[in-house]
Amino acid sequence: MSDAPEVNRGPVVTPVRVVIALCLGAPFVAMLWVGSYAKTDPTLAGIPFFYWYQMLWVLISTLLTMTAYKLWQRDQRARAAQKGGASK
């Protein structure tokens, strides 16, 4: 066995991290499932569904990535506070 001290970092998979993974994975699933948006109707201002759906996902992906980042920051701050509080 190693002589390194045992460090309790808490669980690796937490509900917050699952939400982060869903936020980051949703755009990939939406874009890779081409059969769901490979059509022309309905049109929006004359733009076929195929195109405006993808452009809408650019905005949605931005919001989901920002959400994931903010959740990650909060998770890291909580872990740092927990680590600091446990060592005192």
# chains A, B, ... in the order shown; residues from 1 in each chain; ligands from 1
$ residues_around --residues "A:Pro42" --least-positions-apart "6" --cutoff "12 Å" --atoms "only C-alpha atoms" --output "PyMOL selection string"
chain A and resi 48-53
$ write_last_selection --atoms "all heavy atoms" --output "PDB file, in the first residue's frame"
ATOM      1  N   PRO A  48     -36.547  27.123 -44.335  1.00  0.00           N
ATOM      2  CA  PRO A  48     -36.990  25.766 -44.031  1.00  0.00           C
ATOM      3  C   PRO A  48     -36.601  25.336 -42.616  1.00  0.00           C
ATOM      4  O   PRO A  48     -35.602  25.788 -42.052  1.00  0.00           O
ATOM      5  CB  PRO A  48     -36.266  24.907 -45.066  1.00  0.00           C
ATOM      6  CG  PRO A  48     -35.888  25.833 -46.158  1.00  0.00           C
ATOM      7  CD  PRO A  48     -35.678  27.160 -45.510  1.00  0.00           C
ATOM      8  N   PHE A  49     -37.420  24.461 -42.056  1.00  0.00           N
ATOM      9  CA  PHE A  49     -37.225  23.961 -40.704  1.00  0.00           C
ATOM     10  C   PHE A  49     -35.818  23.437 -40.497  1.00  0.00           C
ATOM     11  O   PHE A  49     -35.208  23.683 -39.453  1.00  0.00           O
ATOM     12  CB  PHE A  49     -38.246  22.848 -40.416  1.00  0.00           C
ATOM     13  CG  PHE A  49     -38.133  22.251 -39.049  1.00  0.00           C
ATOM     14  CD1 PHE A  49     -38.580  22.944 -37.932  1.00  0.00           C
ATOM     15  CD2 PHE A  49     -37.585  20.995 -38.871  1.00  0.00           C
ATOM     16  CE1 PHE A  49     -38.478  22.390 -36.661  1.00  0.00           C
ATOM     17  CE2 PHE A  49     -37.477  20.438 -37.601  1.00  0.00           C
ATOM     18  CZ  PHE A  49     -37.933  21.137 -36.502  1.00  0.00           C
ATOM     19  N   PHE A  50     -35.269  22.720 -41.451  1.00  0.00           N
ATOM     20  CA  PHE A  50     -33.935  22.121 -41.342  1.00  0.00           C
ATOM     21  C   PHE A  50     -32.895  23.153 -40.922  1.00  0.00           C
ATOM     22  O   PHE A  50     -32.038  22.877 -40.096  1.00  0.00           O
ATOM     23  CB  PHE A  50     -33.553  21.488 -42.688  1.00  0.00           C
ATOM     24  CG  PHE A  50     -32.215  20.817 -42.690  1.00  0.00           C
ATOM     25  CD1 PHE A  50     -32.075  19.537 -42.170  1.00  0.00           C
ATOM     26  CD2 PHE A  50     -31.100  21.441 -43.211  1.00  0.00           C
ATOM     27  CE1 PHE A  50     -30.839  18.900 -42.165  1.00  0.00           C
ATOM     28  CE2 PHE A  50     -29.861  20.818 -43.217  1.00  0.00           C
ATOM     29  CZ  PHE A  50     -29.735  19.533 -42.689  1.00  0.00           C
ATOM     30  N   TYR A  51     -32.975  24.347 -41.480  1.00  0.00           N
ATOM     31  CA  TYR A  51     -31.974  25.385 -41.205  1.00  0.00           C
ATOM     32  C   TYR A  51     -32.248  26.137 -39.896  1.00  0.00           C
ATOM     33  O   TYR A  51     -31.353  26.356 -39.092  1.00  0.00           O
ATOM     34  CB  TYR A  51     -31.878  26.369 -42.365  1.00  0.00           C
ATOM     35  CG  TYR A  51     -31.370  25.710 -43.613  1.00  0.00           C
ATOM     36  CD1 TYR A  51     -32.205  25.507 -44.712  1.00  0.00           C
ATOM     37  CD2 TYR A  51     -30.067  25.262 -43.699  1.00  0.00           C
ATOM     38  CE1 TYR A  51     -31.742  24.884 -45.848  1.00  0.00           C
ATOM     39  CE2 TYR A  51     -29.597  24.632 -44.839  1.00  0.00           C
ATOM     40  CZ  TYR A  51     -30.439  24.448 -45.909  1.00  0.00           C
ATOM     41  OH  TYR A  51     -29.987  23.826 -47.032  1.00  0.00           O
ATOM     42  N   TRP A  52     -33.502  26.563 -39.691  1.00  0.00           N
ATOM     43  CA  TRP A  52     -33.745  27.355 -38.487  1.00  0.00           C
ATOM     44  C   TRP A  52     -33.680  26.506 -37.223  1.00  0.00           C
ATOM     45  O   TRP A  52     -33.338  27.014 -36.145  1.00  0.00           O
ATOM     46  CB  TRP A  52     -35.004  28.204 -38.569  1.00  0.00           C
ATOM     47  CG  TRP A  52     -36.345  27.549 -38.600  1.00  0.00           C
ATOM     48  CD1 TRP A  52     -37.136  27.357 -39.688  1.00  0.00           C
ATOM     49  CD2 TRP A  52     -37.098  27.058 -37.474  1.00  0.00           C
ATOM     50  NE1 TRP A  52     -38.314  26.764 -39.321  1.00  0.00           N
ATOM     51  CE2 TRP A  52     -38.317  26.576 -37.964  1.00  0.00           C
ATOM     52  CE3 TRP A  52     -36.845  26.974 -36.114  1.00  0.00           C
ATOM     53  CZ2 TRP A  52     -39.289  26.013 -37.140  1.00  0.00           C
ATOM     54  CZ3 TRP A  52     -37.811  26.414 -35.290  1.00  0.00           C
ATOM     55  CH2 TRP A  52     -39.017  25.940 -35.803  1.00  0.00           C
ATOM     56  N   TYR A  53     -33.957  25.226 -37.315  1.00  0.00           N
ATOM     57  CA  TYR A  53     -33.820  24.335 -36.169  1.00  0.00           C
ATOM     58  C   TYR A  53     -32.356  24.272 -35.721  1.00  0.00           C
ATOM     59  O   TYR A  53     -32.054  24.356 -34.530  1.00  0.00           O
ATOM     60  CB  TYR A  53     -34.335  22.943 -36.544  1.00  0.00           C
ATOM     61  CG  TYR A  53     -34.196  21.914 -35.449  1.00  0.00           C
ATOM     62  CD1 TYR A  53     -35.147  21.822 -34.444  1.00  0.00           C
ATOM     63  CD2 TYR A  53     -33.135  21.014 -35.427  1.00  0.00           C
ATOM     64  CE1 TYR A  53     -35.034  20.859 -33.444  1.00  0.00           C
ATOM     65  CE2 TYR A  53     -33.011  20.059 -34.429  1.00  0.00           C
ATOM     66  CZ  TYR A  53     -33.972  19.990 -33.436  1.00  0.00           C
ATOM     67  OH  TYR A  53     -33.846  19.045 -32.451  1.00  0.00           O
TER      68      TYR A  53
END
$ closest_residue --among "A:Leu71, A:Val29, A:Leu44, A:Ala80" --to "A:Pro15" --atoms "only C-alpha atoms"
A:Leu71
